[in-house]
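Following: one structure in structure tokens, then a few remarks.
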Amino acid sequence: MGLYRDQGVVLRTIRLGESDRIVTLVTQAHGKVRAVAKGVRKTKSRFGGRLEPTSHVSLLLYEGRELDIVTQAEALDHFKAIREDLDRLARATTMLEAVDQVAQERQPGARLYQMLVGGLRALAARNAPLLVPAFFLKLLALEGFQPVLDGCAGCGAPEPLVAFDLTVGGALCPACARGPRVSPEAVDLMQRILDGGLAGALNEPVTPATAEVATLATRAMEHHLERRLRSVTVLD
Amino acid sequence: MYAGPVQELIDQLGRLPGVGPKSAQRIAFYLLKLPKEDAERLATAIVEVKARISFCRRCWNVSEGEFCEMCQDTRRDPTIVCVVEEPRDIVAVEKTQEFHGLYHVLQGAISPIEGIGPEQLRVKELLARVDAEGIKEVILCTNPNLEGEATAMYLARLLKPLGLSVTRIASGLPVGGDLEYADELTLGRALEGRREVDA
């Protein structure tokens with residue numbers, strides 16, 4: 001295929017040799033791509049600050065066997081508001097880490113890319129505490145693990161739902177209850193996030209249910225990835 | 001594959017950063033051909049550096065004694081401290097000949113994605129110095145990349161309430177570079193940090 005064009009978000013970078021970096025991106029048309037950016041660590045590099053994590057870039061890449069090579073990079077958005085605020089940066093990193101775990105190399109998945117760009121844009125516009133949990137829930141849904149919230153995931157019984165366990169698949173009635181307890185407000189909030197009411201949910205004031213959803217969503221994400229998300233706790 | 005000691009040498013060389021099995025083999029055979037004295041000089045250099053060099057107790061720079069050269073130099077201004085990620089960065093700053101204060105080496109940068117947080121860095125030690133040494137200004141001289149910026153923001157948040165001046169090195173265009181190749185972020189910062197021209 002040789003040279004190809006794509007747009008992507010930089011997920012992480014690893015130092016390579018004297019002055020290069022391996023950049024991991026999630027792209028619109030080629031899924032997760034790992035590419036070498038030569039000389040990025042030099043002060044006179046023509047890539048400059050464009051290939052830092054969270055950067056949204058348009059790229060010209062040369063396809064290699066293992067790793068591709070970045071030949072040109074143009075910034076689409078570098079989310080200044082995120083980069084200059086430690087809290088937002090921590091939240092953005094958590095999203096990047098989850099996407100990095102979920103994305104498959106060279107498996108096209110435009111939806112994942114769009115979700116991440118949307119998530120970063122929303123975070124740059126407003127530092128809402130519900131944003132990352134909502135992103136996790138949407139990501140789980142995209143992966144085919146949308147939690148069951150409109151009835152008991154164990155027996156199908158309608159409300160009341162009192163617990164939440166992702167090994168069973170969602171919220172549970174008192175008879176099937178296992179795993180962490182959940183309040184009706186939190187179930188309602190999660191349901192609205194997944195049913196397209198995210199914008200409304202983000203605008204609501206923070207309640208105890210927000211923190212509850214945050215914990216549940218992080219735990220569900222970690223359960224799905226079968227590993228801890230390292231960036232969740234680092235800056236707390 | 002090779003006689004015992006040769007294979008051992010290749011294996012050890014192969015553990016160095018950026019050295020693969022082929023390079024390790026090439027270096028090993030170069031060393032085999034080397035005169036005995038030259039090879040011994042290299043071996044002694046490695047043994048010596050491990051035996052004599054440790055970290056400075058004050059600033060965590062590499063040091064021959066308990067305190068490093070910088071910290072022992074009485075001509076340096078102890079009220080201004082430049083915070084860097086690695087000892088190598090001290091050398092870079094020293095080359096400018098623009099800084100005459102002391103240093104503090106964090107020995108890394110905060111990287112949430114790698115799971116490196118403030119507790120793995122020499123942050124506590126920096127705070128202790130601010131208390132004990134009467135420091136008036138801290139210059140945050142971490143790398144201008146995502147990890148370095150996160151570290152600088154984190155330190156600023158801790159240090160500002162202590163009532164000292166906290167500054168961050170400026171970002172801008174490299175001397176001798178071309179504007180058209182500058183990335184938007186750097187050029188934007190250069191505009192933000194523009195200054196009055198002395199006529």
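We label chains A, B, ... in the order they appear in the structure tokens, count residues from 1 in each chain, and number ligands from 1 in the order shown.
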
Taking only C-alpha atoms into account, find every residue of chain A that has an atom no more than 9 Å from chain B, and write it out as a PyMOL selection string.
chain A and resi 12+16-18+43-50+52-54+74-75+78+80+83-86+89-90+93-94+96-97+229-235

Keeping only N, CA and C atoms, write the selected residues as a JSON list (two decimals), in the first residue's frame.
[["chain", "number", "residue", "atom", "x", "y", "z"],
["A", 12, "ARG", "N", -0.59, 7.20, 22.97],
["A", 12, "ARG", "CA", 0.59, 7.17, 23.84],
["A", 12, "ARG", "C", 1.85, 7.21, 22.99],
["A", 16, "LEU", "N", 12.19, 5.91, 21.54],
["A", 16, "LEU", "CA", 12.88, 4.91, 20.74],
["A", 16, "LEU", "C", 14.23, 5.50, 20.34],
["A", 17, "GLY", "N", 15.29, 4.80, 20.67],
["A", 17, "GLY", "CA", 16.63, 5.22, 20.28],
["A", 17, "GLY", "C", 16.97, 6.61, 20.79],
["A", 18, "GLU", "N", 17.81, 7.33, 20.00],
["A", 18, "GLU", "CA", 18.31, 8.63, 20.41],
["A", 18, "GLU", "C", 17.22, 9.69, 20.46],
["A", 43, "THR", "N", 14.73, 19.44, 19.20],
["A", 43, "THR", "CA", 13.99, 20.71, 19.28],
["A", 43, "THR", "C", 13.63, 21.23, 17.90],
["A", 44, "LYS", "N", 14.41, 20.84, 16.87],
["A", 44, "LYS", "CA", 14.10, 21.37, 15.55],
["A", 44, "LYS", "C", 13.23, 20.43, 14.72],
["A", 45, "SER", "N", 12.62, 19.43, 15.36],
["A", 45, "SER", "CA", 11.79, 18.49, 14.62],
["A", 45, "SER", "C", 10.63, 19.20, 13.94],
["A", 46, "ARG", "N", 10.34, 18.77, 12.71],
["A", 46, "ARG", "CA", 9.23, 19.42, 12.01],
["A", 46, "ARG", "C", 7.88, 18.93, 12.54],
["A", 47, "PHE", "N", 7.88, 17.87, 13.35],
["A", 47, "PHE", "CA", 6.61, 17.43, 13.95],
["A", 47, "PHE", "C", 6.26, 18.30, 15.17],
["A", 48, "GLY", "N", 7.30, 18.81, 15.82],
["A", 48, "GLY", "CA", 7.09, 19.66, 16.99],
["A", 48, "GLY", "C", 6.19, 18.99, 18.01],
["A", 49, "GLY", "N", 5.25, 19.74, 18.54],
["A", 49, "GLY", "CA", 4.40, 19.22, 19.60],
["A", 49, "GLY", "C", 3.14, 18.55, 19.07],
["A", 50, "ARG", "N", 3.13, 18.21, 17.78],
["A", 50, "ARG", "CA", 1.88, 17.68, 17.22],
["A", 50, "ARG", "C", 1.62, 16.24, 17.60],
["A", 52, "GLU", "N", 1.93, 14.55, 20.49],
["A", 52, "GLU", "CA", 1.82, 14.26, 21.92],
["A", 52, "GLU", "C", 0.48, 13.58, 22.18],
["A", 53, "PRO", "N", 0.39, 12.74, 23.24],
["A", 53, "PRO", "CA", -0.91, 12.14, 23.54],
["A", 53, "PRO", "C", -2.01, 13.21, 23.64],
["A", 54, "THR", "N", -3.19, 12.87, 23.24],
["A", 54, "THR", "CA", -4.41, 13.71, 23.12],
["A", 54, "THR", "C", -4.47, 14.51, 21.81],
["A", 74, "GLU", "N", -0.15, 17.02, 10.56],
["A", 74, "GLU", "CA", -0.77, 18.32, 10.64],
["A", 74, "GLU", "C", -1.77, 18.28, 11.78],
["A", 75, "ALA", "N", -1.79, 19.30, 12.61],
["A", 75, "ALA", "CA", -2.69, 19.27, 13.76],
["A", 75, "ALA", "C", -4.10, 19.65, 13.33],
["A", 78, "HIS", "N", -5.45, 20.47, 19.12],
["A", 78, "HIS", "CA", -4.59, 19.93, 20.17],
["A", 78, "HIS", "C", -5.18, 20.12, 21.56],
["A", 80, "LYS", "N", -6.15, 22.51, 23.72],
["A", 80, "LYS", "CA", -5.35, 23.33, 24.64],
["A", 80, "LYS", "C", -5.93, 23.32, 26.05],
["A", 83, "ARG", "N", -4.76, 20.23, 27.83],
["A", 83, "ARG", "CA", -3.34, 20.20, 28.13],
["A", 83, "ARG", "C", -2.94, 21.13, 29.25],
["A", 84, "GLU", "N", -3.72, 22.20, 29.45],
["A", 84, "GLU", "CA", -3.30, 23.19, 30.43],
["A", 84, "GLU", "C", -4.05, 23.06, 31.75],
["A", 85, "ASP", "N", -4.74, 21.95, 31.96],
["A", 85, "ASP", "CA", -5.46, 21.76, 33.21],
["A", 85, "ASP", "C", -5.21, 20.32, 33.67],
["A", 86, "LEU", "N", -4.62, 20.21, 34.85],
["A", 86, "LEU", "CA", -4.19, 18.89, 35.33],
["A", 86, "LEU", "C", -5.35, 17.91, 35.48],
["A", 89, "LEU", "N", -6.51, 16.79, 32.09],
["A", 89, "LEU", "CA", -5.47, 15.96, 31.49],
["A", 89, "LEU", "C", -5.55, 14.54, 32.06],
["A", 90, "ALA", "N", -5.77, 14.45, 33.38],
["A", 90, "ALA", "CA", -5.88, 13.13, 34.01],
["A", 90, "ALA", "C", -7.09, 12.39, 33.44],
["A", 93, "THR", "N", -6.37, 11.25, 29.87],
["A", 93, "THR", "CA", -5.46, 10.10, 29.85],
["A", 93, "THR", "C", -6.20, 8.81, 30.13],
["A", 94, "THR", "N", -7.18, 8.88, 31.04],
["A", 94, "THR", "CA", -7.96, 7.69, 31.35],
["A", 94, "THR", "C", -8.72, 7.21, 30.12],
["A", 96, "LEU", "N", -7.85, 7.78, 26.99],
["A", 96, "LEU", "CA", -6.87, 7.27, 26.05],
["A", 96, "LEU", "C", -6.44, 5.85, 26.43],
["A", 97, "GLU", "N", -6.22, 5.63, 27.73],
["A", 97, "GLU", "CA", -5.78, 4.31, 28.18],
["A", 97, "GLU", "C", -6.82, 3.25, 27.85],
["A", 229, "LEU", "N", -7.06, 0.12, 35.33],
["A", 229, "LEU", "CA", -6.69, 1.31, 34.55],
["A", 229, "LEU", "C", -5.73, 2.11, 35.42],
["A", 230, "ARG", "N", -4.47, 2.19, 34.95],
["A", 230, "ARG", "CA", -3.44, 2.78, 35.79],
["A", 230, "ARG", "C", -3.63, 4.26, 36.01],
["A", 231, "SER", "N", -4.16, 4.94, 34.97],
["A", 231, "SER", "CA", -4.23, 6.40, 35.08],
["A", 231, "SER", "C", -5.37, 6.89, 35.97],
["A", 232, "VAL", "N", -6.25, 5.98, 36.41],
["A", 232, "VAL", "CA", -7.38, 6.42, 37.24],
["A", 232, "VAL", "C", -6.90, 6.97, 38.58],
["A", 233, "THR", "N", -5.91, 6.31, 39.18],
["A", 233, "THR", "CA", -5.54, 6.66, 40.55],
["A", 233, "THR", "C", -4.28, 7.51, 40.65],
["A", 234, "VAL", "N", -3.51, 7.60, 39.57],
["A", 234, "VAL", "CA", -2.20, 8.23, 39.67],
["A", 234, "VAL", "C", -2.24, 9.65, 40.23],
["A", 235, "LEU", "N", -3.19, 10.46, 39.77],
["A", 235, "LEU", "CA", -3.17, 11.86, 40.18],
["A", 235, "LEU", "C", -4.20, 12.21, 41.27]]

Within 8 Å of Arg41 in chain A using only C-alpha atoms, minus same-chain residues under 6 positions, as a ChimeraX atom specification:
/A:19-21

Per DSSP on the backbone, filter range 87-233 of chain A down to the residues in helix (DSSP H, G or I) and report them as a VMD selection string.
chain A and resid 87 to 102 110 to 125 131 to 142 184 to 194 198 to 203 208 to 225 231 to 233

Please provide as a PDB file with C-alpha atoms, in the first residue's frame all residues within 10 Å of Gly163 in chain B, with the sequence filter that same-chain residues fewer than 4 positions apart are discarded (counting only C-alpha atoms).
ATOM      1  CA  LYS B 136      12.547  32.016  47.051  1.00  0.00           C
ATOM      2  CA  GLU B 137      11.994  30.855  43.482  1.00  0.00           C
ATOM      3  CA  LEU B 159       4.313  24.903  45.607  1.00  0.00           C
TER       4      LEU B 159
END

Using only C-alpha atoms, determine which residues lie at most 12 Å from range 54-67 of chain B, disregarding the query and same-chain residues fewer than 6 positions distant; provide the list as a PyMOL selection string.
chain B and resi 48+73+78+81-91+101-108+121-130+132-133

Find the spatial neighbours of range 147-153 of chain A, counting only C-alpha atoms, within a cut-off of 8 Å - ignore same-chain residues fewer than 5 positions away - and output them as a PyMOL selection string.
chain A and resi 140-141+158-159+161+166+168-173+176+187+190-191

Can you check which residues of range 131-213 of chain A DSSP gives as strand (DSSP E or B) on the backbone and send them as number ranges by chain?
A: 148, 163-165, 170-172, 181

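The closest residue to Val102 in chain A, picked from A:Phe164, A:Tyr4, A:Tyr62, A:Phe136 and counting only C-alpha atoms, is A:Phe136.
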
List as a list of chain:residue names the protein and nucleic acid residues near range 11-13 of chain B, meaning an atom at most 10 Å away when only C-alpha atoms are counted, but skip any in the same chain fewer than 2 places from it.
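With the cut-off at 10 Å, the set is B:Pro5, B:Val6, B:Gln7, B:Glu8, B:Leu9, B:Arg15, B:Leu16, B:Pro17, B:Val19, B:Gly20, B:Pro21, B:Ser23, B:Ala24, B:Gln25, B:Arg26, B:Ile27, B:Ala28.
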
Go ahead and save the picked residues with N, CA, C and O atoms, as an mmCIF file, in the first residue's frame.
data_model
loop_
_atom_site.group_PDB
_atom_site.id
_atom_site.type_symbol
_atom_site.label_atom_id
_atom_site.label_comp_id
_atom_site.auth_asym_id
_atom_site.auth_seq_id
_atom_site.Cartn_x
_atom_site.Cartn_y
_atom_site.Cartn_z
ATOM 1 N N PRO B 5 33.016 -17.642 27.994
ATOM 2 C CA PRO B 5 33.157 -16.213 28.306
ATOM 3 C C PRO B 5 32.699 -15.309 27.166
ATOM 4 O O PRO B 5 32.155 -14.230 27.414
ATOM 5 N N VAL B 6 32.906 -15.720 25.922
ATOM 6 C CA VAL B 6 32.500 -14.889 24.793
ATOM 7 C C VAL B 6 30.976 -14.766 24.766
ATOM 8 O O VAL B 6 30.420 -13.685 24.617
ATOM 9 N N GLN B 7 30.316 -15.902 24.941
ATOM 10 C CA GLN B 7 28.853 -15.893 24.942
ATOM 11 C C GLN B 7 28.321 -15.035 26.092
ATOM 12 O O GLN B 7 27.375 -14.264 25.919
ATOM 13 N N GLU B 8 28.981 -15.151 27.239
ATOM 14 C CA GLU B 8 28.579 -14.353 28.408
ATOM 15 C C GLU B 8 28.686 -12.851 28.087
ATOM 16 O O GLU B 8 27.787 -12.071 28.399
ATOM 17 N N LEU B 9 29.787 -12.467 27.432
ATOM 18 C CA LEU B 9 29.990 -11.067 27.062
ATOM 19 C C LEU B 9 28.895 -10.607 26.102
ATOM 20 O O LEU B 9 28.306 -9.537 26.271
ATOM 21 N N ARG B 15 22.089 -6.727 26.723
ATOM 22 C CA ARG B 15 21.114 -6.154 27.661
ATOM 23 C C ARG B 15 21.170 -4.636 27.678
ATOM 24 O O ARG B 15 20.349 -3.988 28.314
ATOM 25 N N LEU B 16 22.147 -4.045 27.001
ATOM 26 C CA LEU B 16 22.250 -2.579 26.965
ATOM 27 C C LEU B 16 21.141 -2.010 26.087
ATOM 28 O O LEU B 16 20.689 -2.665 25.151
ATOM 29 N N PRO B 17 20.699 -0.758 26.393
ATOM 30 C CA PRO B 17 19.613 -0.182 25.596
ATOM 31 C C PRO B 17 20.027 0.026 24.142
ATOM 32 O O PRO B 17 21.130 0.508 23.882
ATOM 33 N N VAL B 19 20.901 -2.110 21.963
ATOM 34 C CA VAL B 19 21.845 -3.080 21.416
ATOM 35 C C VAL B 19 21.137 -4.418 21.214
ATOM 36 O O VAL B 19 20.700 -5.048 22.169
ATOM 37 N N GLY B 20 21.011 -4.838 19.973
ATOM 38 C CA GLY B 20 20.377 -6.126 19.668
ATOM 39 C C GLY B 20 21.422 -7.225 19.648
ATOM 40 O O GLY B 20 22.599 -6.962 19.853
ATOM 41 N N PRO B 21 21.000 -8.468 19.398
ATOM 42 C CA PRO B 21 21.948 -9.591 19.403
ATOM 43 C C PRO B 21 23.097 -9.432 18.398
ATOM 44 O O PRO B 21 24.236 -9.751 18.710
ATOM 45 N N SER B 23 24.362 -6.545 17.102
ATOM 46 C CA SER B 23 25.279 -5.492 17.542
ATOM 47 C C SER B 23 26.119 -6.003 18.701
ATOM 48 O O SER B 23 27.312 -5.724 18.787
ATOM 49 N N ALA B 24 25.477 -6.764 19.615
ATOM 50 C CA ALA B 24 26.187 -7.288 20.784
ATOM 51 C C ALA B 24 27.355 -8.154 20.317
ATOM 52 O O ALA B 24 28.470 -8.059 20.841
ATOM 53 N N GLN B 25 27.109 -8.969 19.307
ATOM 54 C CA GLN B 25 28.141 -9.854 18.773
ATOM 55 C C GLN B 25 29.285 -9.028 18.172
ATOM 56 O O GLN B 25 30.459 -9.312 18.409
ATOM 57 N N ARG B 26 28.916 -7.987 17.418
ATOM 58 C CA ARG B 26 29.917 -7.141 16.780
ATOM 59 C C ARG B 26 30.792 -6.461 17.825
ATOM 60 O O ARG B 26 32.014 -6.453 17.727
ATOM 61 N N ILE B 27 30.155 -5.908 18.878
ATOM 62 C CA ILE B 27 30.920 -5.207 19.918
ATOM 63 C C ILE B 27 31.819 -6.205 20.658
ATOM 64 O O ILE B 27 32.980 -5.921 20.945
ATOM 65 N N ALA B 28 31.269 -7.392 20.931
ATOM 66 C CA ALA B 28 32.035 -8.399 21.660
ATOM 67 C C ALA B 28 33.308 -8.755 20.896
ATOM 68 O O ALA B 28 34.392 -8.827 21.486
#

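The two atoms in question, CA of Pro133 in chain A and CA of Arg192 in chain A, are spaced 12.7 Å apart.
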